[in-house]
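What follows is the content of my_file.txt, which has compact mmCIF, C-alpha atoms:
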# COMPACT_ATOMS: atom_id res chain seq x y z
CA MET H 1 2.54 -38.73 0.21
CA GLN H 2 2.23 -35.30 -1.36
CA GLU H 3 -0.50 -32.97 -0.15
CA THR H 4 -3.05 -31.80 -2.70
CA HIS H 5 -3.54 -28.11 -3.38
CA GLN H 6 -6.76 -28.00 -1.36
CA GLN H 7 -5.22 -29.91 1.55
CA ARG H 8 -2.23 -27.54 1.60
CA ILE H 9 -4.45 -24.47 1.55
CA SER H 10 -6.86 -25.89 4.12
CA GLY H 11 -3.82 -26.37 6.38
CA LEU H 12 -3.59 -22.59 6.77
CA ASP H 13 -4.74 -21.10 10.01
CA PRO H 14 -8.28 -19.68 9.74
CA GLU H 15 -7.15 -16.05 9.56
CA MET H 16 -4.71 -16.75 6.71
CA GLU H 17 -7.29 -18.86 4.86
CA LYS H 18 -9.81 -16.01 5.17
CA LEU H 19 -7.19 -13.60 3.81
CA ARG H 20 -6.42 -15.96 0.89
CA ARG H 21 -10.12 -16.23 0.03
CA ARG H 22 -10.44 -12.42 0.05
CA MET H 23 -7.41 -12.18 -2.22
CA ALA H 24 -8.86 -14.76 -4.61
CA SER H 25 -12.24 -13.00 -4.65
CA LEU H 26 -10.63 -9.64 -5.40
CA ALA H 27 -8.47 -11.18 -8.14
CA TRP H 28 -11.58 -12.70 -9.73
CA LEU H 29 -13.47 -9.39 -9.46
CA LEU H 30 -10.59 -7.45 -11.02
CA ASP H 31 -9.74 -9.90 -13.82
CA ASN H 32 -12.62 -12.29 -14.62
CA SER H 33 -15.94 -11.14 -13.17
CA ILE H 34 -17.58 -9.86 -16.37
CA ARG H 35 -18.43 -12.22 -19.23
CA ILE H 36 -18.47 -10.61 -22.66
CA PRO H 37 -21.56 -11.90 -24.50
CA ILE H 38 -21.16 -13.78 -27.78
CA ILE H 39 -17.41 -14.39 -27.46
CA GLY H 40 -17.60 -15.60 -23.85
CA TYR H 41 -14.30 -13.99 -22.88
CA ARG H 42 -14.06 -12.76 -19.32
CA VAL H 43 -12.68 -9.43 -18.16
CA GLY H 44 -12.88 -7.69 -14.83
CA LEU H 45 -13.16 -4.31 -13.21
CA ASP H 46 -9.46 -3.69 -13.75
CA ALA H 47 -9.97 -3.62 -17.53
CA LEU H 48 -12.92 -1.25 -17.12
CA LEU H 49 -11.00 1.02 -14.75
CA GLY H 50 -8.19 1.12 -17.31
CA LEU H 51 -10.55 2.86 -19.71
CA ILE H 52 -10.60 5.94 -17.45
CA PRO H 53 -7.76 8.17 -18.70
CA GLY H 54 -5.16 9.19 -16.16
CA VAL H 55 -6.45 7.52 -13.03
CA GLY H 56 -7.94 4.18 -14.09
CA ASP H 57 -4.70 2.23 -14.33
CA ALA H 58 -3.42 3.72 -11.08
CA ALA H 59 -6.65 2.73 -9.31
CA GLY H 60 -6.32 -0.79 -10.69
CA ALA H 61 -2.71 -0.98 -9.49
CA LEU H 62 -3.76 0.15 -6.00
CA LEU H 63 -6.38 -2.61 -5.85
CA SER H 64 -3.76 -5.09 -7.10
CA GLY H 65 -1.55 -3.83 -4.30
CA TYR H 66 -3.99 -5.29 -1.76
CA ILE H 67 -3.32 -8.77 -3.13
CA PHE H 68 0.42 -8.09 -3.02
CA TYR H 69 0.23 -6.76 0.55
CA SER H 70 -1.85 -9.75 1.61
CA ALA H 71 0.77 -12.14 0.20
CA PHE H 72 3.36 -10.19 2.17
CA ARG H 73 1.25 -10.64 5.32
CA MET H 74 1.08 -14.38 4.58
CA ARG H 75 4.92 -14.32 4.53
CA ALA H 76 5.33 -15.26 0.89
CA PRO H 77 9.03 -15.41 -0.02
CA SER H 78 10.67 -12.35 -1.52
CA SER H 79 11.14 -14.06 -4.90
CA VAL H 80 7.38 -14.66 -5.18
CA LEU H 81 6.62 -11.11 -4.01
CA ALA H 82 9.07 -9.75 -6.59
CA ARG H 83 7.30 -11.64 -9.39
CA MET H 84 3.94 -10.40 -8.13
CA GLY H 85 5.23 -6.83 -8.07
CA LEU H 86 6.62 -7.23 -11.57
CA ASN H 87 3.21 -8.42 -12.82
CA ILE H 88 1.55 -5.34 -11.33
CA VAL H 89 4.14 -2.96 -12.76
CA VAL H 90 3.97 -4.55 -16.23
CA GLU H 91 0.18 -4.28 -16.27
CA LEU H 92 0.34 -0.68 -15.02
CA LEU H 93 2.94 0.48 -17.56
CA PHE H 94 1.48 -1.27 -20.59
CA GLY H 95 -2.05 -0.40 -19.50
CA MET H 96 -1.21 3.30 -19.82
CA LEU H 97 -0.84 2.98 -23.59
CA PRO H 98 -3.91 4.23 -25.43
CA VAL H 99 -6.14 1.48 -26.88
CA LEU H 100 -3.42 -1.22 -27.01
CA GLY H 101 -2.94 -0.81 -23.27
CA ASP H 102 -6.63 -1.45 -22.68
CA ILE H 103 -6.44 -4.64 -24.72
CA PHE H 104 -3.30 -5.67 -22.82
CA ASP H 105 -5.04 -4.90 -19.52
CA ALA H 106 -7.95 -7.18 -20.44
CA THR H 107 -5.68 -10.08 -21.43
CA PHE H 108 -2.64 -9.98 -19.11
CA LYS H 109 -4.66 -10.41 -15.87
CA ALA H 110 -1.93 -9.66 -13.33
CA ASN H 111 -4.19 -10.41 -10.36
CA ALA H 112 -5.10 -13.90 -11.58
CA ARG H 113 -1.39 -14.52 -12.26
CA ASN H 114 -0.54 -13.33 -8.77
CA MET H 115 -3.11 -15.63 -7.20
CA GLU H 116 -1.62 -18.51 -9.18
CA LEU H 117 1.76 -17.58 -7.70
CA VAL H 118 0.35 -17.45 -4.16
CA ASP H 119 -1.53 -20.73 -4.55
CA GLY H 120 1.51 -22.34 -6.18
CA TRP H 121 3.64 -21.18 -3.27
CA LEU H 122 1.13 -22.60 -0.80
CA GLU H 123 0.99 -25.89 -2.69
CA GLN H 124 4.69 -26.29 -3.58
CA PRO H 125 6.73 -23.65 -1.73
CA ARG H 126 10.21 -24.79 -2.82
CA GLN H 127 9.38 -25.29 -6.48
CA THR H 128 7.56 -21.94 -6.77
CA ARG H 129 10.38 -20.12 -4.97
CA ARG H 130 12.97 -21.75 -7.25
CA ARG H 131 11.03 -20.87 -10.43
CA SER H 132 10.58 -17.30 -9.23
CA LYS H 133 14.30 -16.94 -8.51
CA LEU H 134 15.21 -18.36 -11.93
CA LEU H 135 12.81 -16.02 -13.73
CA LEU H 136 13.99 -12.98 -11.80
CA GLY H 137 17.63 -13.96 -12.27
CA GLY H 138 17.09 -14.32 -16.01
CA LEU H 139 15.30 -11.00 -16.16
CA GLY H 140 18.05 -9.31 -14.14
CA GLY H 141 20.69 -10.89 -16.37
CA GLY H 142 18.87 -9.68 -19.47
CA VAL H 143 18.67 -6.14 -18.12
CA ALA H 144 22.35 -6.23 -17.15
CA LEU H 145 23.24 -7.47 -20.65
CA LEU H 146 21.24 -4.65 -22.25
CA LEU H 147 22.96 -2.09 -20.02
CA LEU H 148 26.37 -3.55 -20.85
CA MET H 149 25.55 -3.42 -24.57
CA GLY H 150 24.51 0.21 -24.16
CA VAL H 151 27.78 1.07 -22.44
CA VAL H 152 29.85 -0.75 -25.11
CA ILE H 153 27.94 0.97 -27.93
CA GLY H 154 28.34 4.32 -26.15
CA ILE H 155 32.09 3.83 -25.80
CA ALA H 156 32.37 2.76 -29.45
CA VAL H 157 30.47 5.89 -30.57
CA LEU H 158 32.72 8.10 -28.41
CA ILE H 159 35.85 6.48 -29.85
CA TYR H 160 34.52 6.92 -33.39
CA ILE H 161 33.67 10.60 -32.78
CA GLY H 162 37.03 11.15 -31.08
CA ARG H 163 38.93 9.69 -34.04
CA ARG H 164 36.91 11.77 -36.51
CA VAL H 165 37.64 14.92 -34.54
CA LEU H 166 41.36 14.11 -34.19
CA THR H 167 41.77 13.35 -37.91
CA ALA H 168 40.00 16.61 -38.79
CA ILE H 169 42.50 18.66 -36.79

Starting from the file, give its structure as structure tokens.
Amino acid sequence: MQETHQQRISGLDPEMEKLRRRMASLAWLLDNSIRIPIIGYRVGLDALLGLIPGVGDAAGALLSGYIFYSAFRMRAPSSVLARMGLNIVVELLFGMLPVLGDIFDATFKANARNMELVDGWLEQPRQTRRRSKLLLGGLGGGVALLLLMGVVIGIAVLIYIGRRVLTAI
């Protein structure tokens, strides 16, 4: 019989369960604690901090780092931690863009995503680890392909320039 999410989480020792609850509370505060009237959409302190030029996004990333560090303390696998870190970095980098970054910050919700990863890992450790590895492998493969394309294009440009120079001599 498979354990339910709540049964799996309640199986944590009391210290780890307390840590998970703190993480979940912080994620909610940062991503969903403020309801926007009329449209009913929820944002959090992270989106508001992002409005402060220069330091807001960095402050949000530091607070997000607590959730990451807590997952590390809970001994989440490296593949899950890597995805969590990627979520934080994506939100930080895109959040730095004027106006569009603030909209991205309010909609991406890295902390809520990271809590879903932690809870998914607690509920189904193997499946979450496997999905994380596949996503990171695909991302790494995509980056490697882009780098390879850049090198091939660079070599082609150098060959073209070299031929033009040699034919001009």

- Please tell me which residues are no farther than 10 Å from (-2.9, -20.0, -3.3) in the file, counting only C-alpha atoms, and write them as a list in words.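 Using only C-alpha atoms, the matching residues come out as His5, Gln6, Arg8, Ile9, Glu17, Arg20, Arg21, Met23, Ala24, Ala71, Asn114, Met115, Glu116, Leu117, Val118, Asp119, Gly120, Trp121, Leu122, Glu123 and Gln124 of chain H.
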
- One-decimal distance in Å that lies between atom CA of H:Pro98 and atom CA of H:Gly44: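 Those two atoms sit 18.3 Å apart.
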
- Query: How far is it from atom CA of H:Glu91 to atom CA of H:Gly137, in Å with one decimal?
  - Reply: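 Answer for the atom CA of H:Glu91 to atom CA of H:Gly137 separation: 20.4 Å.
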
- Task: For H:Ile88, list every protein, DNA or RNA residue within 12 Å, evaluated using all atoms listed in the file, and leave out those in the same chain fewer than 4 positions away; present the list as an MDAnalysis selection string.
- Result: chainID H and resid 46 57:68 81:84 92:95 105 108:114

- Item | For atom CA of H:Lys133 and atom CA of H:Pro77, the interatomic separation in Å (one decimal) |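 Atom-to-atom, atom CA of H:Lys133 to atom CA of H:Pro77, that is 10.1 Å.
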
- Task: Find, counting only C-alpha atoms, the residue in H:Phe72, H:Ile161, H:Ile39, H:Val80 that gets nearest to H:Arg131.
- Result: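 The closest residue to H:Arg131 is H:Val80.
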
Given 5 Å of margin on each side, can you work out the centre and size in Å (one decimal) of an axis-aligned box holding every listed atom of stretch 32-47 of chain H, as lines of an AutoDock Vina configuration file?
center_x = -15.5
center_y = -9.6
center_z = -20.5
size_x = 22.1
size_y = 22.0
size_z = 24.6

- Message: So, with only C-alpha atoms as the atoms that count, which of H:Ile103, H:Val151, H:Leu19, H:Leu158 lies closest to H:Ala47?
- Response: H:Ile103

- Query: Mind listing as an MDAnalysis selection string all residues within 9 Å of (-12.8, -8.7, -10.9), counting all atoms listed in the file?
  - Reply: chainID H and resid 25:34 43:47 111

Export, as a CSV table (one decimal), in the frame of the given file, the selected residues with C-alpha atoms.
chain,number,residue,atom,x,y,z
H,25,SER,CA,-12.2,-13.0,-4.6
H,26,LEU,CA,-10.6,-9.6,-5.4
H,27,ALA,CA,-8.5,-11.2,-8.1
H,28,TRP,CA,-11.6,-12.7,-9.7
H,29,LEU,CA,-13.5,-9.4,-9.5
H,30,LEU,CA,-10.6,-7.4,-11.0
H,31,ASP,CA,-9.7,-9.9,-13.8
H,32,ASN,CA,-12.6,-12.3,-14.6
H,33,SER,CA,-15.9,-11.1,-13.2
H,34,ILE,CA,-17.6,-9.9,-16.4
H,43,VAL,CA,-12.7,-9.4,-18.2
H,44,GLY,CA,-12.9,-7.7,-14.8
H,45,LEU,CA,-13.2,-4.3,-13.2
H,46,ASP,CA,-9.5,-3.7,-13.8
H,47,ALA,CA,-10.0,-3.6,-17.5
H,111,ASN,CA,-4.2,-10.4,-10.4

- Task: Using only C-alpha atoms, find the one residue out of H:Tyr160, H:Arg22, H:Ser132, H:Gly140 that sits nearest to H:Ser78.
- Result: H:Ser132
